[in-house]
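Before any comments, here is the structure.
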Amino acid sequence: MKIFLPKIFVIFLAWVIISCQKENVEYDLVIYGGTSAGVTAAVQATRLNKSVLIIEPGTEQQLGGLTTGGLGRTDFGNKRIIGGISLEFYKEINKYYLNDSNWTWQNRSEYFKNQTYHPGATNIEEESMWFFEPSAARSIFQHWIQKYNIPVLYGERIIREGEGKAIEKEGGWKVAVPGSVSDGVVKKDGKITEIVMESGTRIKARYFIDATYEGDLLAGAGVSFTVGREGFDIYEESLNGIRTKLSIPDSGMPAWRHHQFEPAVDPYVVQGNPDSGLLPMIKSNGPGTEGKSDHKIQAYCFRMCLTDVPENRISFEKPEGYNELDYELLLRNYEAGFSRLPWINSPMPNRKTDTNNQSAFSTDFIGANYDYPEASYAERKNIVDAHLQYQMGLMWTLANHPRIPDDIRTEMSRWGVTKDEFVEGNGWQDQLYIREARRMISDVVMTQHHCQGKVVENESIGMGAYGMDSHHTQRYVDENGSVKNEGDVQIGLRKPYPISYKSILPKETECANLLVPVCLSASHIAFGSIRMEPVFMVLGQSAAIAACMAIDKDCSLQEIPYAELKQKLQSAGQILNLEDIPQQK
């Protein structure tokens with residue numbers, strides 16, 4: 001049975017929040033960002049009898065972030081490192097699908113008999129389940145919100161005027177120096193005392209968590225951060241910075257495996273004529289210097305939930321303002337010999353999918369997001385709308401354009417967005433996949449060296465296990481006059497690694513009562529391993545436990561004794577080190 005918050009409960013929560021503001025109430029913990037990390041943090045703090053408020057600057061649909069926003073094919077690397085409330089969530093998913101009433105378009109046995117295609121897919125005997133529909137995730141998060149009486153304030157956005165801005169340093173690295181506090185943050189003696197919304201609402205708390213994908217609170221609080229990719233000279237990482245060679249497949253490997261174009265795809269509007277100009281989203285000044293820093297961001301997309309059930313399908317429509325030139329590279333890539341469907345179309349229950357990017361020209365809108373991390377709210381909306389326009393046009397092109405091979409068009413036409421998911425957007429979600437935005441710079445910066453076990457942190461609050469992964473960041477013209485993508489990195493790990501408490505903690509001189517479990521202190525390539533939804537949930541819970549300890553001790557977050565924090569984390573079910581990992585049965 002699907003569980004949704006009754007309207008009267010939502011109205012009651014809003015009344016409680018407004019009443020608290022009028023009475024000048026100070027919360028123990030305010031969580032800015034209703035992502036999966038934000039929800040697990042709130043649940044944990046409530047279990048520890050602390051007063052909590054979640055502020056979700058987006059829509060009610062966005063509670064849970066990507067976990068409810070289409071990313072149902074959970075990325076984890078090693079499921080056994082997932083503990084605590086994060087693991088509880090995946091067990092709740094399993095319970096949800098044990099209920100026959102939640103199977104509408106197929107039955108449980110039919111779904112599971114097709115789940116051997118991927119080694120991480122859920123086994124029918126497991127107590128947890130890792131592939132799910134957006135509505136299933138949403139029902140669990142909303143149930144927790146209701147069960148623990150957690151107030152959520154939707155659509156309230158912090159004032160960002162005056163926030164810190166990243167400035168390009170010598171060598172191309174973009175860094176925001178500390179100290180620039182926005183009009184939306186009030187600080188005293190190195191601590192945030194209240195935050196101010198665009199509506200004028202002022203919210204006080206003893207401690208704060210920035211659980212957004214963008215890091216707006218950390219920037220507003222004057223905390224150091226970076227945007228883009230660090231070159232080799234910053235942390236001596238061989239996989240970071242501009243890396244054209246990593247994006248070119250080895251001899252004999254098909255180009256699409258590195259999301260690369262077929263050989264000799266022409267980049268010009270009129271093929272063979274540079275004077276006609278470059279096609280959209282191709283950079284005219286080349287990829288940059290190998291191994292150097294740049295400000296570019298790995299590509300975003302919408303993780304579409306599709307279906308092939310005619311009764312539940314909305315066919316792909318040509319969006320208003322469609323421009324065929326935007327998809328000319330797609331058409332040329334097929335004409336150059338590409339012959340696959342350009343997606344990863346992972347089956348979810350009820351004959352739905354989590355559909356993600358694959359190949360040179362797919363759902364990733366490469367090059368369209370560089371300004372997003374620090375853009376204004378209005379500018380971000382324009383960027384999100386452009387991504388939606390691009391992706392809708394892409395799907396229509398694949399299903400209808402005569403230059404697409406017949407077998408591809410036939411297969412694409414079987415699919416469409418779903419009528420019973422994201423109904424507010426006619427099958428399209430509000431949540432864009434923000435793979436990366438700001439990243440804090442703190443006393444410990446997680447790097448490639450941590451991921452590969454060359455450096456091991458002792459103050460672990462969770463573990464990472466997914467490979468170092470980056471999507472493409474740019475398109476350029478190579479020395480042969482052909483178009484190429486750059487930015488793809490897919491490097492696996494030998495074993496899981498601990499994530500430092502200090503990586504979610506600003507320097508004490510910058511802020512003593514803020515935790516950042518999502519836009520944590522990590523290099524671009526290390527963040528590419530850490531940035532998985534179950535890990536964000538782990539880090540959100542650990543952040544809340546640390547905040548509750550600081551509340552009880554009336555001390556800064558940096559003063560918490562780690563030995564005591566470790567004991568509390570392990571008691572809450574967190575997996576902190578290799579010896580904590582449960583053995584497979």
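Scheme for the structure tokens: letters A, B, ... for chains in order shown; per-chain residue numbers from 1; ligand numbers from 1 in order shown.
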Compile a residue-level contact table for stretch 228-286 of chain A against stretch 166-170 of chain A at a cut-off of 12 Å, reporting for every qualifying residue the shortest atom pair and its distance in Å to one decimal, with only C-alpha atoms counted, rows ordered by chain and ascending number, as CSV.
residue,atom,partner,partner_atom,distance
A:Gly228,CA,A:Ala166,CA,9.9
A:Arg229,CA,A:Glu168,CA,11.6
A:Glu230,CA,A:Lys169,CA,11.2
A:Gly231,CA,A:Glu170,CA,11.3
A:Asp233,CA,A:Glu170,CA,11.1
A:Ile234,CA,A:Glu170,CA,11.3
What parts of stretch 298-514 of chain A does DSSP call helix (DSSP H, G or I)? I'd like the answer as a ChimeraX atom specification. /A:310-312,324-335,372-374,377-400,406-412,423-425,448-451,501-504
### Query
Using only C-alpha atoms, which of the listed residues (A:Ile81, A:Ile344, A:Ala522, A:Leu306) sits closest to A:Asp443?
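Using only C-alpha atoms, the shortest distance to A:Asp443 belongs to A:Ala522.
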- Task: Could you tell me which of A:Lys484, A:Arg414, A:Lys292, A:Arg494 comes closest to A:His450 if we count only C-alpha atoms?
- Result: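 Among A:Lys484, A:Arg414, A:Lys292, A:Arg494, it is A:Arg494 that comes nearest to A:His450.
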What's around A:Phe338 at 10 Å? Count only C-alpha atoms, leave out sequence neighbours fewer than 3 positions away in its own chain, and write the answer as a compact mmCIF listing (two decimals) with N, CA and C atoms, in the first residue's frame.
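What ended up in part37.txt:
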# COMPACT_ATOMS: atom_id res chain seq x y z
N PRO A 254 35.14 -0.86 -28.44
CA PRO A 254 34.21 0.03 -29.13
C PRO A 254 34.15 1.41 -28.47
N ALA A 255 33.97 2.43 -29.29
CA ALA A 255 34.00 3.81 -28.80
C ALA A 255 32.94 4.07 -27.73
N TRP A 256 31.78 3.44 -27.87
CA TRP A 256 30.67 3.76 -26.96
C TRP A 256 30.97 3.36 -25.52
N PHE A 261 32.53 9.23 -29.43
CA PHE A 261 32.00 9.21 -30.80
C PHE A 261 32.74 8.19 -31.66
N GLU A 262 32.05 7.73 -32.69
CA GLU A 262 32.69 6.93 -33.72
C GLU A 262 33.77 7.78 -34.40
N PRO A 263 34.77 7.14 -35.00
CA PRO A 263 35.82 7.91 -35.66
C PRO A 263 35.26 8.81 -36.77
N LEU A 330 24.18 13.42 -32.86
CA LEU A 330 23.56 12.11 -32.65
C LEU A 330 23.33 11.43 -33.99
N LEU A 331 22.76 12.16 -34.94
CA LEU A 331 22.44 11.59 -36.25
C LEU A 331 23.72 11.20 -36.99
N ARG A 332 24.73 12.05 -36.93
CA ARG A 332 26.00 11.74 -37.61
C ARG A 332 26.70 10.55 -36.97
N ASN A 333 26.57 10.40 -35.65
CA ASN A 333 27.20 9.26 -34.99
C ASN A 333 26.59 7.96 -35.46
N TYR A 334 25.27 7.92 -35.63
CA TYR A 334 24.63 6.73 -36.21
C TYR A 334 25.09 6.51 -37.64
N GLU A 335 25.17 7.56 -38.41
CA GLU A 335 25.59 7.42 -39.80
C GLU A 335 27.05 7.00 -39.93
N LEU A 341 21.25 1.28 -28.86
CA LEU A 341 20.42 2.23 -28.15
C LEU A 341 21.31 3.06 -27.24
N PRO A 342 21.19 4.39 -27.25
CA PRO A 342 22.13 5.23 -26.49
C PRO A 342 21.67 5.46 -25.05
N SER A 359 26.87 6.15 -24.07
CA SER A 359 27.38 6.43 -25.41
C SER A 359 27.69 7.91 -25.58
N ALA A 360 28.18 8.26 -26.77
CA ALA A 360 28.71 9.61 -27.01
C ALA A 360 27.66 10.69 -26.91
N PRO A 405 18.31 4.89 -37.37
CA PRO A 405 18.06 3.56 -37.95
C PRO A 405 16.68 3.01 -37.56
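Of the residues listed (A:Gln541, A:Ser135, A:Ser199, A:Thr418), A:Gln541 shows the shortest atom-to-atom separation from A:Glu88; distances use only C-alpha atoms.
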What is the atom CA of A:His387 to atom CA of A:Thr473 distance in Å?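 Distance reported for this atom pair: 14.7 Å.
Across the structure, atom CA of A:Met549 and atom CA of A:Gln567 are spaced 11.6 Å apart.
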Neighbours of A:Ala543 within 9 Å (only C-alpha atoms; same-chain residues fewer than 2 positions away dropped), as a VMD selection string? chain A and resid 41 209 461 501 504 to 505 515 to 517 538 to 541 545 to 548
Selected residues, C-alpha atoms, written as a PDB file, in the first residue's frame, please.
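This went into selection_15.pdb:
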ATOM      1  CA  ALA A  41      19.806  13.051   9.285  1.00  0.00           C
ATOM      2  CA  ILE A 209      23.400  20.611   8.238  1.00  0.00           C
ATOM      3  CA  ILE A 461      32.065   8.041   9.647  1.00  0.00           C
ATOM      4  CA  TYR A 501      34.665  12.891   9.789  1.00  0.00           C
ATOM      5  CA  ILE A 504      32.066  16.784   6.318  1.00  0.00           C
ATOM      6  CA  LEU A 505      33.263  19.372   8.819  1.00  0.00           C
ATOM      7  CA  LEU A 515      28.039  19.817   8.849  1.00  0.00           C
ATOM      8  CA  VAL A 516      28.139  19.114   5.086  1.00  0.00           C
ATOM      9  CA  PRO A 517      27.476  15.440   4.250  1.00  0.00           C
ATOM     10  CA  VAL A 538      25.126   7.098   5.646  1.00  0.00           C
ATOM     11  CA  LEU A 539      26.912  10.440   5.886  1.00  0.00           C
ATOM     12  CA  GLY A 540      23.663  12.245   6.680  1.00  0.00           C
ATOM     13  CA  GLN A 541      22.994   9.940   9.618  1.00  0.00           C
ATOM     14  CA  ILE A 545      24.795  11.819  15.420  1.00  0.00           C
ATOM     15  CA  ALA A 546      27.744  14.220  15.595  1.00  0.00           C
ATOM     16  CA  ALA A 547      25.412  17.205  15.847  1.00  0.00           C
ATOM     17  CA  CYS A 548      23.455  15.565  18.666  1.00  0.00           C
TER      18      CYS A 548
END
Applying 9 Å and only C-alpha atoms, which residues near stretch 237-241 of chain A remain after dropping the ones on its own chain fewer than 3 positions away? List them as a PyMOL selection string.
chain A and resi 228-234+246+290-294+447-449+468+487+489+491+523-526
Export of prior selection with C-alpha atoms as a PDB file, in the first residue's frame:
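Heads up, here's the output in part_36.pdb:
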ATOM      1  CA  GLY A 228      35.415  22.100 -11.199  1.00  0.00           C
ATOM      2  CA  ARG A 229      38.381  19.761 -11.529  1.00  0.00           C
ATOM      3  CA  GLU A 230      41.726  19.910  -9.747  1.00  0.00           C
ATOM      4  CA  GLY A 231      44.839  19.463 -11.858  1.00  0.00           C
ATOM      5  CA  PHE A 232      47.706  17.144 -10.963  1.00  0.00           C
ATOM      6  CA  ASP A 233      49.535  19.976  -9.233  1.00  0.00           C
ATOM      7  CA  ILE A 234      46.844  20.319  -6.522  1.00  0.00           C
ATOM      8  CA  LEU A 246      41.283   8.429 -20.394  1.00  0.00           C
ATOM      9  CA  GLU A 290      46.348  17.563 -20.205  1.00  0.00           C
ATOM     10  CA  GLY A 291      46.324  17.165 -16.413  1.00  0.00           C
ATOM     11  CA  LYS A 292      45.507  20.802 -15.654  1.00  0.00           C
ATOM     12  CA  SER A 293      42.662  22.232 -13.572  1.00  0.00           C
ATOM     13  CA  ASP A 294      39.527  23.694 -15.089  1.00  0.00           C
ATOM     14  CA  THR A 447      41.301  12.353  -2.799  1.00  0.00           C
ATOM     15  CA  GLN A 448      42.169   9.594  -5.244  1.00  0.00           C
ATOM     16  CA  HIS A 449      44.801   8.483  -2.731  1.00  0.00           C
ATOM     17  CA  MET A 468      36.102   6.602  -9.318  1.00  0.00           C
ATOM     18  CA  GLY A 487      35.980  13.860 -18.959  1.00  0.00           C
ATOM     19  CA  VAL A 489      36.712   8.266 -15.968  1.00  0.00           C
ATOM     20  CA  ILE A 491      38.362   3.269 -12.574  1.00  0.00           C
ATOM     21  CA  SER A 523      38.483  16.350  -4.945  1.00  0.00           C
ATOM     22  CA  HIS A 524      36.529  15.963  -8.166  1.00  0.00           C
ATOM     23  CA  ILE A 525      37.663  12.390  -8.734  1.00  0.00           C
ATOM     24  CA  ALA A 526      37.197  11.242  -5.127  1.00  0.00           C
TER      25      ALA A 526
END
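What separates atom CA of A:Tyr90 from atom CA of A:Met129 is a distance of 5.3 Å.
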Close residues, stretch 176-181 of chain A itself excluded, 6 Å, only C-alpha atoms, min 2 positions apart in chain, as a PyMOL selection string: chain A and resi 163-167+220-225
